[in-house]
$ cat final_25.cif   # mmCIF, C-alpha atoms
data_coords
#
loop_
_atom_site.group_PDB
_atom_site.id
_atom_site.type_symbol
_atom_site.label_atom_id
_atom_site.label_comp_id
_atom_site.auth_asym_id
_atom_site.auth_seq_id
_atom_site.Cartn_x
_atom_site.Cartn_y
_atom_site.Cartn_z
ATOM 1 C CA MET A 1 -12.119 4.600 -6.942
ATOM 2 C CA LEU A 2 -15.180 6.059 -8.555
ATOM 3 C CA ALA A 3 -14.035 9.583 -7.716
ATOM 4 C CA PHE A 4 -10.730 8.894 -9.474
ATOM 5 C CA ALA A 5 -12.559 7.537 -12.528
ATOM 6 C CA ILE A 6 -14.789 10.634 -12.589
ATOM 7 C CA GLU A 7 -11.723 12.883 -12.302
ATOM 8 C CA LEU A 8 -10.084 11.143 -15.265
ATOM 9 C CA TYR A 9 -13.326 11.174 -17.272
ATOM 10 C CA GLU A 10 -13.935 14.868 -16.710
ATOM 11 C CA ALA A 11 -10.307 15.613 -17.639
ATOM 12 C CA GLY A 12 -10.710 13.648 -20.874
ATOM 13 C CA ILE A 13 -8.154 11.029 -19.854
ATOM 14 C CA LEU A 14 -10.816 8.332 -19.758
ATOM 15 C CA THR A 15 -13.317 8.561 -22.590
ATOM 16 C CA ASP A 16 -16.613 6.967 -23.505
ATOM 17 C CA GLU A 17 -14.545 4.097 -24.887
ATOM 18 C CA GLY A 18 -13.060 3.375 -21.445
ATOM 19 C CA LEU A 19 -16.256 4.200 -19.580
ATOM 20 C CA PRO A 20 -19.054 3.109 -21.889
ATOM 21 C CA ASN A 21 -22.505 4.379 -20.914
ATOM 22 C CA PHE A 22 -20.986 6.372 -18.052
ATOM 23 C CA PRO A 23 -23.819 8.215 -16.289
ATOM 24 C CA LYS A 24 -23.885 12.004 -16.176
ATOM 25 C CA THR A 25 -25.419 12.434 -12.713
ATOM 26 C CA GLY A 26 -24.005 11.580 -9.305
ATOM 27 C CA ARG A 27 -26.911 9.336 -8.396
ATOM 28 C CA GLU A 28 -26.561 7.265 -11.556
ATOM 29 C CA ARG A 29 -22.785 7.162 -11.148
ATOM 30 C CA PHE A 30 -23.190 5.546 -7.749
ATOM 31 C CA PHE A 31 -24.648 2.476 -9.426
ATOM 32 C CA TYR A 32 -21.633 2.356 -11.722
ATOM 33 C CA LEU A 33 -19.779 1.051 -8.648
ATOM 34 C CA ILE A 34 -21.337 -2.322 -9.389
ATOM 35 C CA LYS A 35 -19.019 -2.553 -12.414
ATOM 36 C CA ILE A 36 -16.068 -2.160 -10.067
ATOM 37 C CA ILE A 37 -17.426 -4.718 -7.633
ATOM 38 C CA HIS A 38 -17.969 -7.227 -10.439
ATOM 39 C CA ARG A 39 -14.715 -6.223 -12.164
ATOM 40 C CA GLU A 40 -16.546 -5.511 -15.404
ATOM 41 C CA GLY A 41 -14.848 -3.403 -18.082
ATOM 42 C CA ILE A 42 -12.956 -0.499 -16.527
ATOM 43 C CA GLY A 43 -14.109 -1.839 -13.151
ATOM 44 C CA ASN A 44 -11.537 -4.608 -13.514
ATOM 45 C CA ILE A 45 -8.775 -1.998 -13.656
ATOM 46 C CA LEU A 46 -10.247 0.254 -10.959
ATOM 47 C CA ALA A 47 -10.767 -2.650 -8.552
ATOM 48 C CA ASP A 48 -6.999 -2.941 -8.100
ATOM 49 C CA GLY A 49 -6.779 0.549 -6.588
ATOM 50 C CA VAL A 50 -5.950 4.011 -7.871
ATOM 51 C CA TYR A 51 -2.187 3.481 -8.071
ATOM 52 C CA HIS A 52 -2.413 0.381 -10.247
ATOM 53 C CA ALA A 53 -5.308 1.825 -12.240
ATOM 54 C CA ALA A 54 -3.337 4.980 -13.028
ATOM 55 C CA ARG A 55 -0.348 2.939 -14.188
ATOM 56 C CA GLN A 56 -2.503 0.719 -16.357
ATOM 57 C CA ILE A 57 -4.568 3.571 -17.847
ATOM 58 C CA GLY A 58 -1.403 5.525 -18.577
ATOM 59 C CA LYS A 59 -1.836 8.742 -20.521
ATOM 60 C CA GLU A 60 -2.024 11.495 -17.943
ATOM 61 C CA ALA A 61 -3.613 9.341 -15.245
ATOM 62 C CA GLU A 62 -0.405 8.873 -13.241
ATOM 63 C CA GLN A 63 0.350 12.576 -13.360
ATOM 64 C CA ARG A 64 -3.214 13.379 -12.300
ATOM 65 C CA LEU A 65 -2.954 10.917 -9.400
ATOM 66 C CA ASN A 66 0.310 12.506 -8.245
ATOM 67 C CA THR A 67 -1.367 15.923 -8.316
ATOM 68 C CA ILE A 68 -4.248 14.582 -6.231
ATOM 69 C CA PHE A 69 -1.840 13.108 -3.674
ATOM 70 C CA GLU A 70 0.189 16.335 -3.515
ATOM 71 C CA THR A 71 -2.980 18.348 -2.955
ATOM 72 C CA GLN A 72 -4.118 15.986 -0.208
ATOM 73 C CA ASP A 73 -0.712 16.301 1.476
ATOM 74 C CA LYS A 74 -0.908 20.106 1.338
ATOM 75 C CA ILE A 75 -4.384 20.050 2.843
ATOM 76 C CA ALA A 76 -3.292 17.658 5.605
ATOM 77 C CA ASN A 77 -0.279 19.848 6.399
ATOM 78 C CA ARG A 78 -2.437 22.970 6.512
ATOM 79 C CA ILE A 79 -4.930 21.286 8.837
ATOM 80 C CA GLU A 80 -2.067 20.293 11.126
ATOM 81 C CA GLN A 81 -0.787 23.888 11.135
ATOM 82 C CA ILE A 82 -4.231 25.196 12.064
ATOM 83 C CA LYS A 83 -4.589 22.613 14.835
ATOM 84 C CA ASN A 84 -1.224 23.702 16.245
ATOM 85 C CA GLN A 85 -2.237 27.369 16.087
ATOM 86 C CA ILE A 86 -5.470 26.632 17.906
ATOM 87 C CA ALA A 87 -3.616 24.624 20.563
ATOM 88 C CA VAL A 88 -1.443 27.674 21.301
ATOM 89 C CA LEU A 89 -4.522 29.813 21.937
#

$ encode --input "final_25.cif" --output "C-alpha cells"
Amino acid sequence: MLAFAIELYEAGILTDEGLPNFPKTGRERFFYLIKIIHREGIGNILADGVYHAARQIGKEAEQRLNTIFETQDKIANRIEQIKNQIAVL
C-alpha cells in the first residue's frame, strides 16, 4: 500500500494535500504506515487496498495501477520463460 502511495505521490497524482507531511526518506516513510493502520487521512483510503484506493483517488491512479499490474504480469511471464529454458538445459 505504501509503495502505491509513493508511486502516486512521485507521479504527482497524490499531492501534499492528499499526503500531508509526507516524509521524503524511506525510513521516515515507513512510519507513515501507522496512518494506514489507524485509517487516518489517506490511510483510510489506502487501508481498503490498492484497487479500491485507485478508484477512490481517481485522476490517473487507476491507469497507474493498471500499468503496475501489466508490468508485474510481464515480469512473471518472463520469469516463467526463463525457468522453462533452464529446465530444458

$ residues_around --input "final_25.cif" --residues "range 63-74 of chain A" --least-positions-apart "3" --cutoff "9 Å" --atoms "only C-alpha atoms" --output "list of chain:residue names"
A:Phe4, A:Glu7, A:Leu8, A:Val50, A:Tyr51, A:Ala54, A:Gly58, A:Lys59, A:Glu60, A:Asn77, A:Arg78, A:Ile79

$ closest_residue --input "final_25.cif" --among "A:Ile36, A:Leu19, A:Leu14, A:Ile82" --to "Met1 in chain A" --atoms "only C-alpha atoms"
A:Ile36

$ closest_residue --input "final_25.cif" --among "A:Glu62, A:Glu17, A:Glu28, A:Glu80" --to "Gly41 in chain A" --atoms "all atoms listed in the file"
A:Glu17

$ axis_aligned_box --input "final_25.cif" --around "range 68-74 of chain A" --padding-each-side "6 Å" --output "JSON"
{"center_x": -2.0, "center_y": 16.6, "center_z": -2.4, "size_x": 16.4, "size_y": 19.0, "size_z": 19.7}

$ atom_distance --input "final_25.cif" --atom1 "CA of Asn44 in chain A" --atom2 "CA of Pro20 in chain A"
13.6 Å

$ closest_residue --input "final_25.cif" --among "A:Ile34, A:Ala87, A:Ala76, A:Ile57" --to "Thr15 in chain A" --atoms "all atoms listed in the file"
A:Ile57

$ atom_distance --input "final_25.cif" --atom1 "CA of Lys83 in chain A" --atom2 "CA of Ala3 in chain A"
27.7 Å

$ atom_distance --input "final_25.cif" --atom1 "CA of Asn21 in chain A" --atom2 "CA of Ala47 in chain A"
18.4 Å

$ residues_around --input "final_25.cif" --residues "Leu2 in chain A" --least-positions-apart "4" --cutoff "9 Å" --atoms "all atoms listed in the file" --output "PyMOL selection string"
chain A and resi 6-7+29-30+32-33+36+46

$ build_atoms --input "final_25.cif" --residues "range 16-51 of chain A" --atoms "N, CA and C atoms" --output "CSV table (one decimal), keeping the file's coordinate frame"
chain,number,residue,atom,x,y,z
A,16,ASP,N,-15.5,7.9,-23.4
A,16,ASP,CA,-16.6,7.0,-23.5
A,16,ASP,C,-16.2,5.6,-23.9
A,17,GLU,N,-15.1,5.4,-24.6
A,17,GLU,CA,-14.5,4.1,-24.9
A,17,GLU,C,-14.2,3.3,-23.6
A,18,GLY,N,-13.5,4.0,-22.7
A,18,GLY,CA,-13.1,3.4,-21.4
A,18,GLY,C,-14.2,3.3,-20.4
A,19,LEU,N,-15.1,4.2,-20.5
A,19,LEU,CA,-16.3,4.2,-19.6
A,19,LEU,C,-17.5,4.2,-20.4
A,20,PRO,N,-17.9,3.1,-21.1
A,20,PRO,CA,-19.1,3.1,-21.9
A,20,PRO,C,-20.3,3.3,-21.1
A,21,ASN,N,-21.2,4.1,-21.6
A,21,ASN,CA,-22.5,4.4,-20.9
A,21,ASN,C,-22.3,5.0,-19.5
A,22,PHE,N,-21.2,5.8,-19.4
A,22,PHE,CA,-21.0,6.4,-18.1
A,22,PHE,C,-22.0,7.4,-17.8
A,23,PRO,N,-22.7,7.3,-16.6
A,23,PRO,CA,-23.8,8.2,-16.3
A,23,PRO,C,-23.3,9.6,-16.1
A,24,LYS,N,-24.2,10.6,-16.3
A,24,LYS,CA,-23.9,12.0,-16.2
A,24,LYS,C,-24.2,12.6,-14.8
A,25,THR,N,-25.1,11.9,-14.0
A,25,THR,CA,-25.4,12.4,-12.7
A,25,THR,C,-24.8,11.6,-11.6
A,26,GLY,N,-24.6,12.2,-10.5
A,26,GLY,CA,-24.0,11.6,-9.3
A,26,GLY,C,-24.8,10.4,-8.9
A,27,ARG,N,-26.1,10.5,-8.8
A,27,ARG,CA,-26.9,9.3,-8.4
A,27,ARG,C,-26.7,8.1,-9.3
A,28,GLU,N,-26.7,8.4,-10.6
A,28,GLU,CA,-26.6,7.3,-11.6
A,28,GLU,C,-25.1,6.7,-11.5
A,29,ARG,N,-24.2,7.6,-11.2
A,29,ARG,CA,-22.8,7.2,-11.1
A,29,ARG,C,-22.6,6.2,-10.0
A,30,PHE,N,-23.3,6.4,-8.9
A,30,PHE,CA,-23.2,5.5,-7.7
A,30,PHE,C,-23.4,4.1,-8.2
A,31,PHE,N,-24.4,3.8,-9.0
A,31,PHE,CA,-24.6,2.5,-9.4
A,31,PHE,C,-23.6,1.9,-10.4
A,32,TYR,N,-22.8,2.8,-10.9
A,32,TYR,CA,-21.6,2.4,-11.7
A,32,TYR,C,-20.6,1.6,-10.9
A,33,LEU,N,-20.7,1.8,-9.6
A,33,LEU,CA,-19.8,1.1,-8.6
A,33,LEU,C,-19.9,-0.5,-8.8
A,34,ILE,N,-21.1,-0.9,-9.2
A,34,ILE,CA,-21.3,-2.3,-9.4
A,34,ILE,C,-20.4,-2.9,-10.4
A,35,LYS,N,-20.0,-2.1,-11.4
A,35,LYS,CA,-19.0,-2.6,-12.4
A,35,LYS,C,-17.7,-2.8,-11.7
A,36,ILE,N,-17.3,-2.0,-10.8
A,36,ILE,CA,-16.1,-2.2,-10.1
A,36,ILE,C,-16.1,-3.4,-9.2
A,37,ILE,N,-17.2,-3.6,-8.5
A,37,ILE,CA,-17.4,-4.7,-7.6
A,37,ILE,C,-17.3,-6.0,-8.4
A,38,HIS,N,-18.0,-6.0,-9.6
A,38,HIS,CA,-18.0,-7.2,-10.4
A,38,HIS,C,-16.8,-7.3,-11.4
A,39,ARG,N,-15.9,-6.3,-11.3
A,39,ARG,CA,-14.7,-6.2,-12.2
A,39,ARG,C,-15.1,-6.3,-13.6
A,40,GLU,N,-16.1,-5.6,-14.0
A,40,GLU,CA,-16.5,-5.5,-15.4
A,40,GLU,C,-15.9,-4.3,-16.1
A,41,GLY,N,-15.4,-4.5,-17.3
A,41,GLY,CA,-14.8,-3.4,-18.1
A,41,GLY,C,-13.8,-2.7,-17.3
A,42,ILE,N,-13.9,-1.3,-17.2
A,42,ILE,CA,-13.0,-0.5,-16.5
A,42,ILE,C,-13.0,-0.8,-15.0
A,43,GLY,N,-14.0,-1.4,-14.5
A,43,GLY,CA,-14.1,-1.8,-13.2
A,43,GLY,C,-13.0,-2.8,-12.8
A,44,ASN,N,-12.6,-3.6,-13.8
A,44,ASN,CA,-11.5,-4.6,-13.5
A,44,ASN,C,-10.2,-3.9,-13.2
A,45,ILE,N,-10.0,-2.8,-13.9
A,45,ILE,CA,-8.8,-2.0,-13.7
A,45,ILE,C,-8.9,-1.2,-12.4
A,46,LEU,N,-10.0,-0.6,-12.1
A,46,LEU,CA,-10.2,0.3,-11.0
A,46,LEU,C,-10.3,-0.6,-9.7
A,47,ALA,N,-10.7,-1.8,-9.7
A,47,ALA,CA,-10.8,-2.6,-8.6
A,47,ALA,C,-9.4,-2.9,-7.9
A,48,ASP,N,-8.3,-2.7,-8.6
A,48,ASP,CA,-7.0,-2.9,-8.1
A,48,ASP,C,-6.5,-1.7,-7.3
A,49,GLY,N,-7.2,-0.6,-7.3
A,49,GLY,CA,-6.8,0.5,-6.6
A,49,GLY,C,-6.3,1.6,-7.5
A,50,VAL,N,-6.3,2.9,-7.0
A,50,VAL,CA,-6.0,4.0,-7.9
A,50,VAL,C,-4.5,4.0,-8.4
A,51,TYR,N,-3.6,3.5,-7.6
A,51,TYR,CA,-2.2,3.5,-8.1
A,51,TYR,C,-2.0,2.6,-9.3
